[in-house]
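Source file: upload00.pdb (PDB, C-alpha atoms)
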```
ATOM      1  CA  MET B   1      22.289  23.166  -9.639
ATOM      2  CA  ASN B   2      21.113  23.273  -6.065
ATOM      3  CA  THR B   3      21.968  20.015  -4.281
ATOM      4  CA  ASP B   4      20.495  20.968  -0.908
ATOM      5  CA  LEU B   5      17.276  18.958  -0.630
ATOM      6  CA  THR B   6      16.632  19.494   3.082
ATOM      7  CA  ALA B   7      13.667  21.759   2.338
ATOM      8  CA  LEU B   8      11.899  18.809   0.732
ATOM      9  CA  THR B   9      11.998  16.375   3.647
ATOM     10  CA  GLY B  10       9.475  17.882   6.045
ATOM     11  CA  LEU B  11       7.117  15.186   7.336
ATOM     12  CA  GLU B  12       4.069  17.457   7.372
ATOM     13  CA  ARG B  13       4.602  18.441   3.731
ATOM     14  CA  LEU B  14       5.207  14.850   2.637
ATOM     15  CA  THR B  15       2.130  13.633   4.515
ATOM     16  CA  GLU B  16       0.106  16.177   2.573
ATOM     17  CA  VAL B  17       1.732  15.091  -0.712
ATOM     18  CA  ALA B  18       0.956  11.454   0.130
ATOM     19  CA  SER B  19      -2.729  12.283   0.553
ATOM     20  CA  TYR B  20      -3.251  12.883  -3.182
ATOM     21  CA  ASP B  21      -3.973  10.087  -5.615
ATOM     22  CA  LEU B  22      -1.543  11.281  -8.260
ATOM     23  CA  ALA B  23      -1.900   8.028 -10.193
ATOM     24  CA  ASP B  24      -5.592   8.612 -10.929
ATOM     25  CA  PRO B  25      -5.966   8.673 -14.737
ATOM     26  CA  GLY B  26      -8.685  11.326 -14.538
ATOM     27  CA  LEU B  27      -6.428  13.652 -12.559
ATOM     28  CA  ARG B  28      -3.524  13.031 -14.900
ATOM     29  CA  ALA B  29      -5.658  13.810 -17.957
ATOM     30  CA  ALA B  30      -6.983  17.008 -16.384
ATOM     31  CA  LEU B  31      -3.485  18.165 -15.419
ATOM     32  CA  ASP B  32      -2.174  17.408 -18.914
ATOM     33  CA  THR B  33      -4.976  19.553 -20.336
ATOM     34  CA  ILE B  34      -4.097  22.402 -17.987
ATOM     35  CA  THR B  35      -0.402  22.253 -18.864
ATOM     36  CA  ARG B  36      -1.221  22.327 -22.574
ATOM     37  CA  ARG B  37      -3.300  25.456 -22.010
ATOM     38  CA  THR B  38      -0.565  27.111 -19.936
ATOM     39  CA  ALA B  39       2.084  26.373 -22.564
ATOM     40  CA  GLU B  40      -0.145  27.944 -25.230
ATOM     41  CA  ARG B  41      -0.935  30.999 -23.122
ATOM     42  CA  LEU B  42       2.720  31.668 -22.311
ATOM     43  CA  GLY B  43       4.000  30.688 -25.754
ATOM     44  CA  GLN B  44       6.452  28.092 -24.477
ATOM     45  CA  PRO B  45       6.908  24.503 -25.665
ATOM     46  CA  ILE B  46       6.842  22.776 -22.268
ATOM     47  CA  SER B  47       4.624  23.110 -19.217
ATOM     48  CA  LEU B  48       4.597  20.914 -16.115
ATOM     49  CA  VAL B  49       2.752  20.265 -12.906
ATOM     50  CA  THR B  50       5.379  18.879 -10.564
ATOM     51  CA  VAL B  51       5.105  17.360  -7.118
ATOM     52  CA  LEU B  52       8.246  17.279  -5.005
ATOM     53  CA  LEU B  53       8.847  14.169  -2.908
ATOM     54  CA  ASP B  54      11.725  13.956  -0.419
ATOM     55  CA  SER B  55      14.459  13.776  -3.050
ATOM     56  CA  VAL B  56      12.825  13.773  -6.486
ATOM     57  CA  GLN B  57      10.246  15.596  -8.534
ATOM     58  CA  LEU B  58       7.306  13.766 -10.070
ATOM     59  CA  PHE B  59       5.614  14.955 -13.230
ATOM     60  CA  ALA B  60       1.932  14.973 -12.275
ATOM     61  CA  GLY B  61       0.924  16.691 -15.513
ATOM     62  CA  THR B  62       2.951  17.446 -18.613
ATOM     63  CA  HIS B  63       2.798  19.076 -21.994
ATOM     64  CA  GLY B  64       5.597  19.134 -24.545
ATOM     65  CA  LEU B  65       8.200  16.960 -22.853
ATOM     66  CA  PRO B  66      10.293  15.223 -25.517
ATOM     67  CA  ASP B  67      10.321  11.443 -25.755
ATOM     68  CA  SER B  68      13.152  10.502 -23.430
ATOM     69  CA  TRP B  69      13.912   8.278 -20.471
ATOM     70  CA  ILE B  70      13.118  11.194 -18.165
ATOM     71  CA  THR B  71       9.579  11.409 -19.532
ATOM     72  CA  GLU B  72       9.281   7.625 -19.362
ATOM     73  CA  LEU B  73      10.458   7.609 -15.732
ATOM     74  CA  GLY B  74       7.967  10.331 -14.816
ATOM     75  CA  GLY B  75      10.346  12.384 -12.726
ATOM     76  CA  THR B  76      13.926  13.372 -11.969
ATOM     77  CA  PRO B  77      16.237  13.661  -8.985
ATOM     78  CA  GLY B  78      15.337  16.727  -6.939
ATOM     79  CA  GLU B  79      18.717  18.310  -7.622
ATOM     80  CA  TRP B  80      17.633  18.741 -11.255
ATOM     81  CA  ALA B  81      14.190  20.147 -10.437
ATOM     82  CA  PHE B  82      13.800  23.849 -11.182
ATOM     83  CA  CYS B  83      10.520  23.628  -9.246
ATOM     84  CA  ALA B  84      12.461  22.692  -6.099
ATOM     85  CA  GLU B  85      13.301  26.396  -5.899
ATOM     86  CA  VAL B  86       9.633  27.361  -5.565
ATOM     87  CA  VAL B  87       9.199  24.752  -2.842
ATOM     88  CA  ARG B  88      12.227  26.139  -0.987
ATOM     89  CA  SER B  89      11.115  29.770  -1.234
ATOM     90  CA  GLY B  90       7.338  29.535  -1.570
ATOM     91  CA  ARG B  91       7.589  32.220  -4.257
ATOM     92  CA  PRO B  92       7.628  32.456  -8.059
ATOM     93  CA  TYR B  93      10.972  31.688  -9.680
ATOM     94  CA  THR B  94      11.976  32.794 -13.167
ATOM     95  CA  VAL B  95      15.211  32.358 -15.074
ATOM     96  CA  THR B  96      15.698  34.095 -18.419
ATOM     97  CA  ASP B  97      18.720  32.041 -19.491
ATOM     98  CA  LEU B  98      19.334  28.868 -17.543
ATOM     99  CA  SER B  99      22.685  28.263 -19.250
ATOM    100  CA  ALA B 100      23.996  31.565 -17.856
ATOM    101  CA  ASP B 101      22.400  31.223 -14.444
ATOM    102  CA  PRO B 102      24.874  30.700 -11.586
ATOM    103  CA  VAL B 103      22.650  28.079  -9.921
ATOM    104  CA  GLN B 104      21.256  26.200 -12.937
ATOM    105  CA  HIS B 105      24.003  26.375 -15.598
ATOM    106  CA  ASP B 106      25.340  22.895 -14.700
ATOM    107  CA  ASN B 107      21.931  21.272 -14.276
ATOM    108  CA  PRO B 108      21.615  18.242 -16.605
ATOM    109  CA  MET B 109      18.167  19.466 -17.619
ATOM    110  CA  VAL B 110      20.074  22.404 -19.124
ATOM    111  CA  VAL B 111      23.340  20.748 -20.194
ATOM    112  CA  VAL B 112      21.860  17.502 -21.535
ATOM    113  CA  GLU B 113      18.189  18.175 -22.188
ATOM    114  CA  GLY B 114      18.508  21.700 -23.534
ATOM    115  CA  ALA B 115      16.198  23.670 -21.227
ATOM    116  CA  ARG B 116      16.953  27.386 -21.571
ATOM    117  CA  SER B 117      14.300  29.350 -19.689
ATOM    118  CA  TYR B 118      11.970  28.719 -16.774
ATOM    119  CA  ALA B 119       9.079  30.318 -14.961
ATOM    120  CA  GLY B 120       7.321  28.553 -12.113
ATOM    121  CA  VAL B 121       5.079  29.187  -9.130
ATOM    122  CA  PRO B 122       4.374  27.094  -6.029
ATOM    123  CA  LEU B 123       1.372  24.815  -5.617
ATOM    124  CA  ILE B 124       0.227  25.662  -2.105
ATOM    125  CA  ALA B 125      -2.199  23.301  -0.354
ATOM    126  CA  PRO B 126      -5.019  24.778   1.755
ATOM    127  CA  GLY B 127      -2.981  23.939   4.871
ATOM    128  CA  GLY B 128      -0.012  25.955   3.593
ATOM    129  CA  GLN B 129       2.222  23.053   2.557
ATOM    130  CA  ILE B 130       3.972  23.539  -0.763
ATOM    131  CA  LEU B 131       3.329  20.468  -2.886
ATOM    132  CA  GLY B 132       5.378  21.339  -5.950
ATOM    133  CA  GLY B 133       5.196  23.760  -8.818
ATOM    134  CA  HIS B 134       3.433  24.751 -12.000
ATOM    135  CA  CYS B 135       5.813  25.978 -14.647
ATOM    136  CA  VAL B 136       6.766  26.555 -18.237
ATOM    137  CA  ILE B 137      10.134  25.686 -19.743
ATOM    138  CA  GLY B 138      11.531  27.162 -22.935
ATOM    139  CA  VAL B 139      14.277  25.912 -25.226
ATOM    140  CA  GLU B 140      15.415  29.468 -25.987
ATOM    141  CA  PRO B 141      16.260  32.243 -23.520
ATOM    142  CA  HIS B 142      13.094  34.126 -22.617
ATOM    143  CA  GLU B 143      12.312  36.935 -20.234
ATOM    144  CA  TYR B 144       9.162  36.335 -18.201
ATOM    145  CA  GLY B 145       7.127  39.235 -16.908
ATOM    146  CA  GLU B 146       4.634  39.728 -14.104
ATOM    147  CA  ALA B 147       1.758  38.942 -16.490
ATOM    148  CA  ASP B 148       3.292  35.522 -17.171
ATOM    149  CA  VAL B 149       3.698  34.869 -13.467
ATOM    150  CA  GLU B 150       0.105  35.924 -12.873
ATOM    151  CA  VAL B 151      -1.144  33.392 -15.426
ATOM    152  CA  LEU B 152       0.878  30.695 -13.680
ATOM    153  CA  ARG B 153      -0.369  31.829 -10.277
ATOM    154  CA  GLU B 154      -4.031  31.743 -11.314
ATOM    155  CA  THR B 155      -3.574  28.337 -12.892
ATOM    156  CA  ALA B 156      -1.775  27.032  -9.818
ATOM    157  CA  GLY B 157      -4.874  27.916  -7.801
ATOM    158  CA  GLU B 158      -7.000  25.984 -10.264
ATOM    159  CA  ILE B 159      -4.627  22.998 -10.002
ATOM    160  CA  VAL B 160      -4.759  22.963  -6.203
ATOM    161  CA  ARG B 161      -8.577  23.079  -6.290
ATOM    162  CA  LEU B 162      -8.540  20.169  -8.727
ATOM    163  CA  LEU B 163      -6.140  18.198  -6.528
ATOM    164  CA  GLN B 164      -8.524  18.500  -3.576
ATOM    165  CA  ARG B 165     -10.957  16.242  -5.425
ATOM    166  CA  TYR B 166      -8.306  13.498  -5.368
ATOM    167  CA  ARG B 167      -7.352  13.885  -1.723
ATOM    168  CA  HIS B 168      -7.815  11.221   0.939
ATOM    169  CA  THR B 169      -6.813  10.954   4.580
ATOM    170  CA  VAL B 170      -3.398   9.566   5.396
ATOM    171  CA  PRO B 171      -2.845   8.038   8.866
ATOM    172  CA  GLU B 172      -0.279   9.740  11.073
ATOM    173  CA  ALA B 173       3.218   8.611  10.201
ATOM    174  CA  ALA B 174       4.072   8.111  13.874
ATOM    175  CA  ALA B 175       1.438   5.382  14.007
ATOM    176  CA  CYS B 176       2.712   3.530  10.959
ATOM    177  CA  GLY B 177       3.890  -0.003  11.164
TER     178      GLY B 177
ATOM    179  CA  MET F   1      16.876  18.718 -27.671
ATOM    180  CA  THR F   2      19.525  16.315 -26.365
ATOM    181  CA  ALA F   3      23.129  17.542 -26.343
ATOM    182  CA  PRO F   4      26.239  15.337 -26.062
ATOM    183  CA  LEU F   5      27.207  14.294 -22.561
ATOM    184  CA  PRO F   6      30.401  15.717 -21.114
ATOM    185  CA  PRO F   7      33.091  13.246 -20.012
ATOM    186  CA  PRO F   8      32.618  11.571 -16.625
ATOM    187  CA  GLY F   9      34.103  13.208 -13.584
ATOM    188  CA  SER F  10      36.795  11.712 -11.414
ATOM    189  CA  GLY F  11      34.381  10.226  -8.870
ATOM    190  CA  ALA F  12      31.417   7.879  -9.070
ATOM    191  CA  ASP F  13      28.976  10.791  -9.236
ATOM    192  CA  ILE F  14      27.361  11.741 -12.517
ATOM    193  CA  TYR F  15      26.018  15.276 -12.490
ATOM    194  CA  GLY F  16      26.203  15.102  -8.718
ATOM    195  CA  LEU F  17      24.116  11.927  -8.657
ATOM    196  CA  ALA F  18      25.701   8.904  -6.984
ATOM    197  CA  ALA F  19      24.395   5.365  -7.288
ATOM    198  CA  PRO F  20      21.857   5.036  -4.472
ATOM    199  CA  THR F  21      22.530   2.427  -1.819
ATOM    200  CA  LEU F  22      20.758   0.808   1.091
ATOM    201  CA  ALA F  23      22.476   3.383   3.318
ATOM    202  CA  ASP F  24      20.733   6.118   1.312
ATOM    203  CA  ALA F  25      17.410   4.466   2.100
ATOM    204  CA  ARG F  26      18.160   4.729   5.802
ATOM    205  CA  THR F  27      19.380   8.318   5.392
ATOM    206  CA  ALA F  28      16.103   9.186   3.655
ATOM    207  CA  LEU F  29      14.085   7.717   6.520
ATOM    208  CA  VAL F  30      16.104   9.699   9.078
ATOM    209  CA  ALA F  31      15.690  12.914   7.087
ATOM    210  CA  VAL F  32      11.923  12.497   6.945
ATOM    211  CA  TYR F  33      11.001  10.842  10.265
ATOM    212  CA  GLY F  34      13.877  11.849  12.553
ATOM    213  CA  GLU F  35      16.245   9.378  14.190
ATOM    214  CA  PRO F  36      14.044   7.627  16.794
ATOM    215  CA  ASP F  37      11.133   6.858  14.450
ATOM    216  CA  ALA F  38      13.455   6.165  11.520
ATOM    217  CA  ARG F  39      15.339   3.554  13.553
ATOM    218  CA  ARG F  40      12.099   1.774  14.396
ATOM    219  CA  ILE F  41      10.842   1.898  10.795
ATOM    220  CA  TRP F  42      14.241   0.803   9.428
ATOM    221  CA  ILE F  43      14.243  -2.304  11.624
ATOM    222  CA  GLU F  44      10.655  -3.073  10.702
ATOM    223  CA  LEU F  45      11.335  -2.709   6.971
ATOM    224  CA  LEU F  46      14.458  -4.884   7.186
ATOM    225  CA  ASP F  47      12.408  -7.518   8.955
ATOM    226  CA  ARG F  48       9.727  -7.416   6.277
ATOM    227  CA  ALA F  49      12.403  -7.631   3.570
ATOM    228  CA  GLN F  50      14.231 -10.399   5.434
ATOM    229  CA  MET F  51      17.440  -8.399   5.189
ATOM    230  CA  THR F  52      20.159  -7.449   7.688
ATOM    231  CA  GLY F  53      20.905  -3.956   6.414
ATOM    232  CA  ALA F  54      24.456  -4.907   5.487
ATOM    233  CA  GLU F  55      23.523  -6.014   1.980
ATOM    234  CA  THR F  56      25.040  -4.247  -0.988
ATOM    235  CA  GLY F  57      24.150  -4.045  -4.649
ATOM    236  CA  GLU F  58      21.188  -2.933  -6.678
ATOM    237  CA  ALA F  59      19.163  -6.115  -6.186
ATOM    238  CA  ALA F  60      19.127  -5.603  -2.419
ATOM    239  CA  LEU F  61      18.187  -1.961  -2.819
ATOM    240  CA  GLU F  62      15.371  -2.811  -5.214
ATOM    241  CA  ARG F  63      14.034  -5.385  -2.792
ATOM    242  CA  PHE F  64      14.086  -2.848   0.035
ATOM    243  CA  ILE F  65      12.443  -0.198  -2.147
ATOM    244  CA  GLN F  66       9.586  -2.576  -2.852
ATOM    245  CA  VAL F  67       9.049  -3.103   0.873
ATOM    246  CA  MET F  68       9.152   0.678   1.407
ATOM    247  CA  ARG F  69       6.467   1.134  -1.221
ATOM    248  CA  ASP F  70       4.173  -1.259   0.657
ATOM    249  CA  HIS F  71       4.633   0.609   3.971
ATOM    250  CA  HIS F  72       3.045   3.873   5.192
ATOM    251  CA  PRO F  73       2.226   6.306   2.333
ATOM    252  CA  VAL F  74       5.082   8.648   3.323
ATOM    253  CA  THR F  75       7.575   5.773   3.417
ATOM    254  CA  ALA F  76       6.173   4.727   0.045
ATOM    255  CA  LEU F  77       7.005   8.187  -1.324
ATOM    256  CA  CYS F  78      10.581   7.784  -0.071
ATOM    257  CA  GLY F  79      10.730   4.431  -1.837
ATOM    258  CA  ARG F  80       9.415   5.970  -5.023
ATOM    259  CA  SER F  81      12.104   8.652  -4.768
ATOM    260  CA  LEU F  82      14.848   6.076  -4.405
ATOM    261  CA  ASN F  83      13.487   4.176  -7.380
ATOM    262  CA  ILE F  84      13.594   7.280  -9.585
ATOM    263  CA  ARG F  85      17.112   8.114  -8.375
ATOM    264  CA  LEU F  86      18.271   4.549  -9.061
ATOM    265  CA  HIS F  87      16.856   4.518 -12.579
ATOM    266  CA  SER F  88      18.164   8.025 -13.286
ATOM    267  CA  TYR F  89      21.649   6.945 -12.251
ATOM    268  CA  ARG F  90      21.428   3.817 -14.406
ATOM    269  CA  ARG F  91      20.387   5.819 -17.456
ATOM    270  CA  LEU F  92      23.128   8.409 -16.984
ATOM    271  CA  ALA F  93      25.758   5.736 -16.374
ATOM    272  CA  ALA F  94      24.674   3.913 -19.534
ATOM    273  CA  ALA F  95      24.850   7.170 -21.503
ATOM    274  CA  TYR F  96      28.369   7.748 -20.203
ATOM    275  CA  ASP F  97      29.361   4.244 -21.230
ATOM    276  CA  MET F  98      28.040   4.881 -24.737
ATOM    277  CA  THR F  99      29.828   8.227 -24.947
ATOM    278  CA  GLY F 100      33.056   6.607 -23.794
ATOM    279  CA  SER F 101      32.798   3.753 -26.255
ATOM    280  CA  GLU F 102      32.468   6.208 -29.152
ATOM    281  CA  LYS F 103      35.818   7.804 -28.324
TER     282      LYS F 103
END
```
Could you rewrite the structure in this file as structure tokens?
Amino acid sequence: MNTDLTALTGLERLTEVASYDLADPGLRAALDTITRRTAERLGQPISLVTVLLDSVQLFAGTHGLPDSWITELGGTPGEWAFCAEVVRSGRPYTVTDLSADPVQHDNPMVVVEGARSYAGVPLIAPGGQILGGHCVIGVEPHEYGEADVEVLRETAGEIVRLLQRYRHTVPEAAACG
Amino acid sequence: MTAPLPPPGSGADIYGLAAPTLADARTALVAVYGEPDARRIWIELLDRAQMTGAETGEAALERFIQVMRDHHPVTALCGRSLNIRLHSYRRLAAAYDMTGSEK
């Protein structure tokens, strides 16, 4: 797994993340609906909308996560987040077999939770900050093609437009106190 | 979907995750705000928490996290992160204990 979280700690990105009311039940319900649709369209059991904080990922919308403490907690350490890769690179990220992948093979989401394949794209705010990712996760190895990525990309645009309805202004961090 | 846990490693880390401490809270503030602002915010948060910064243990960390979550929205995100890392570590440590006790 990738333990370098420095790409997540930018103040401008986190200020943008903090401007969304991710706890709003209406937003959560809408994101859950979108993830269910994405999972169906890509034929995978799990789909997520993730938001990356400074050292963890939050599940802003989910479909298909098993009942576990991770689901109950609503997020994981950032080192375990496949979507951290799309925040680092700003590009789609796909892995056919996570258990054979040199970066992800020792990730507890693979070793303990049984994730086997991943395809995700970045959620890019209008200002260019990368908030997190929209992804599918499979429990069997699976090769994702450009058509799959395009579905994720289109849906990511829809998610970002939805998020704008739950955005408010955050005061400058330098003025906090 | 859950597979058996492997045996614990030689250190305190579990899957690369160490038990978060108060020092990690300060490190998070420095990473996000940079040293000058982080120092100011750290002192302010300690004051609000009525702590010295030398405290150890999960209770102290939880108290500090709560104060972080009542601060600026970005500091609150850092507090939320620490909370998830703390609970993740607890759950993994408990799973290790169970695995060990079965052997």
Next item on the list: Define the interface residues of chain F facing chain B as those within 10 Å, counting all atoms listed in the file, and report them as a ChimeraX atom specification.
Entry: /F:1-6,14-17,28-34,37-38,40-41,44-45,71-89,91-92
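Those residues returned by the PyMOL selection byres ((chain B and resi 95) around 9) for this file are Tyr93, Thr94, Thr96, Asp97, Leu98, Asp101, Gln104, Arg116, Ser117, Tyr118, Ala119, Pro141, His142, Glu143 and Tyr144 of chain B.
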Go ahead and fit an axis-aligned box to every listed atom of range 149-161 of chain B plus 4 Å each side, and pass me the centre and edge lengths in Å, one decimal, as lines of an AutoDock Vina configuration file.
```
center_x = -2.4
center_y = 29.4
center_z = -10.8
size_x = 20.3
size_y = 21.0
size_z = 17.2
```
Next item on the list: Take the PyMOL selection byres ((chain B and resi 37) around 12), apply it to the structure above, and return the hits as a VMD selection string.
Entry: chain B and resid 30 to 36 38 to 48 61 to 64 135 to 136 151 to 152 155
Grab the residues selected above and save them as a short mmCIF file (atom, residue, chain, number, x, y, z; two decimals), in the coordinates of the input with C-alpha atoms.
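Writing done, so here's selection_38.cif:
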```cif
data_model
loop_
_atom_site.label_atom_id
_atom_site.label_comp_id
_atom_site.auth_asym_id
_atom_site.auth_seq_id
_atom_site.Cartn_x
_atom_site.Cartn_y
_atom_site.Cartn_z
CA ALA B 30 -6.98 17.01 -16.38
CA LEU B 31 -3.48 18.16 -15.42
CA ASP B 32 -2.17 17.41 -18.91
CA THR B 33 -4.98 19.55 -20.34
CA ILE B 34 -4.10 22.40 -17.99
CA THR B 35 -0.40 22.25 -18.86
CA ARG B 36 -1.22 22.33 -22.57
CA THR B 38 -0.56 27.11 -19.94
CA ALA B 39 2.08 26.37 -22.56
CA GLU B 40 -0.14 27.94 -25.23
CA ARG B 41 -0.94 31.00 -23.12
CA LEU B 42 2.72 31.67 -22.31
CA GLY B 43 4.00 30.69 -25.75
CA GLN B 44 6.45 28.09 -24.48
CA PRO B 45 6.91 24.50 -25.66
CA ILE B 46 6.84 22.78 -22.27
CA SER B 47 4.62 23.11 -19.22
CA LEU B 48 4.60 20.91 -16.11
CA GLY B 61 0.92 16.69 -15.51
CA THR B 62 2.95 17.45 -18.61
CA HIS B 63 2.80 19.08 -21.99
CA GLY B 64 5.60 19.13 -24.54
CA CYS B 135 5.81 25.98 -14.65
CA VAL B 136 6.77 26.56 -18.24
CA VAL B 151 -1.14 33.39 -15.43
CA LEU B 152 0.88 30.70 -13.68
CA THR B 155 -3.57 28.34 -12.89
#
```
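Residue membership of the PyMOL selection byres ((chain F and resi 51-53) around 10) in the shown file amounts to Leu22, Ala23, Arg26, Trp42, Ile43, Leu45, Leu46, Asp47, Arg48, Ala49, Gln50, Ala54, Glu55, Thr56, Ala60, Leu61, Arg63 and Phe64 of chain F.
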Let's have the selection written as a PDB file, in the frame of the given file, with C-alpha atoms.
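The result, written out as out-v3.pdb:
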```pdb
ATOM      1  CA  LEU F  22      20.758   0.808   1.091  1.00  0.00           C
ATOM      2  CA  ALA F  23      22.476   3.383   3.318  1.00  0.00           C
ATOM      3  CA  ARG F  26      18.160   4.729   5.802  1.00  0.00           C
ATOM      4  CA  TRP F  42      14.241   0.803   9.428  1.00  0.00           C
ATOM      5  CA  ILE F  43      14.243  -2.304  11.624  1.00  0.00           C
ATOM      6  CA  LEU F  45      11.335  -2.709   6.971  1.00  0.00           C
ATOM      7  CA  LEU F  46      14.458  -4.884   7.186  1.00  0.00           C
ATOM      8  CA  ASP F  47      12.408  -7.518   8.955  1.00  0.00           C
ATOM      9  CA  ARG F  48       9.727  -7.416   6.277  1.00  0.00           C
ATOM     10  CA  ALA F  49      12.403  -7.631   3.570  1.00  0.00           C
ATOM     11  CA  GLN F  50      14.231 -10.399   5.434  1.00  0.00           C
ATOM     12  CA  ALA F  54      24.456  -4.907   5.487  1.00  0.00           C
ATOM     13  CA  GLU F  55      23.523  -6.014   1.980  1.00  0.00           C
ATOM     14  CA  THR F  56      25.040  -4.247  -0.988  1.00  0.00           C
ATOM     15  CA  ALA F  60      19.127  -5.603  -2.419  1.00  0.00           C
ATOM     16  CA  LEU F  61      18.187  -1.961  -2.819  1.00  0.00           C
ATOM     17  CA  ARG F  63      14.034  -5.385  -2.792  1.00  0.00           C
ATOM     18  CA  PHE F  64      14.086  -2.848   0.035  1.00  0.00           C
TER      19      PHE F  64
END
```
Notebook entry, point to check: Mind pulling up the distance from CA of Ala19 in chain F to CA of Ala93 in chain F?
Noted result: 9.2 Å
Item checked: Atomic distance CA of Ala81 in chain B - CA of Ala7 in chain B, expressed in Å with one decimal -> 12.9 Å
Notebook entry, point to check: From the set B:Leu65, B:Leu163, B:Val49, B:Ala100, which residue has the shortest atom-to-atom contact distance to Pro122 in chain B, counting all atoms listed in the file?
Noted result: B:Val49
Check: Could you work out how far CA of Val121 in chain B lies from CA of Val149 in chain B, giving the answer in Å with one decimal?
Finding: 7.3 Å
Checklist line | For Ile124 in chain B: contacts at 9 Å, only C-alpha atoms, fewer than 4 positions along chain excluded, given as an NGL selection string | finding: :B and (90 or 128-133 or 156-157 or 160)
Margin query: If we draw a sphere of 9 Å around (-9.5, 16.9, -12.6), which residues have at least one atom in it when counting only C-alpha atoms? Please report them as a VMD selection string.
Written below: chain B and resid 26 to 31 159 161 to 163 165 to 166
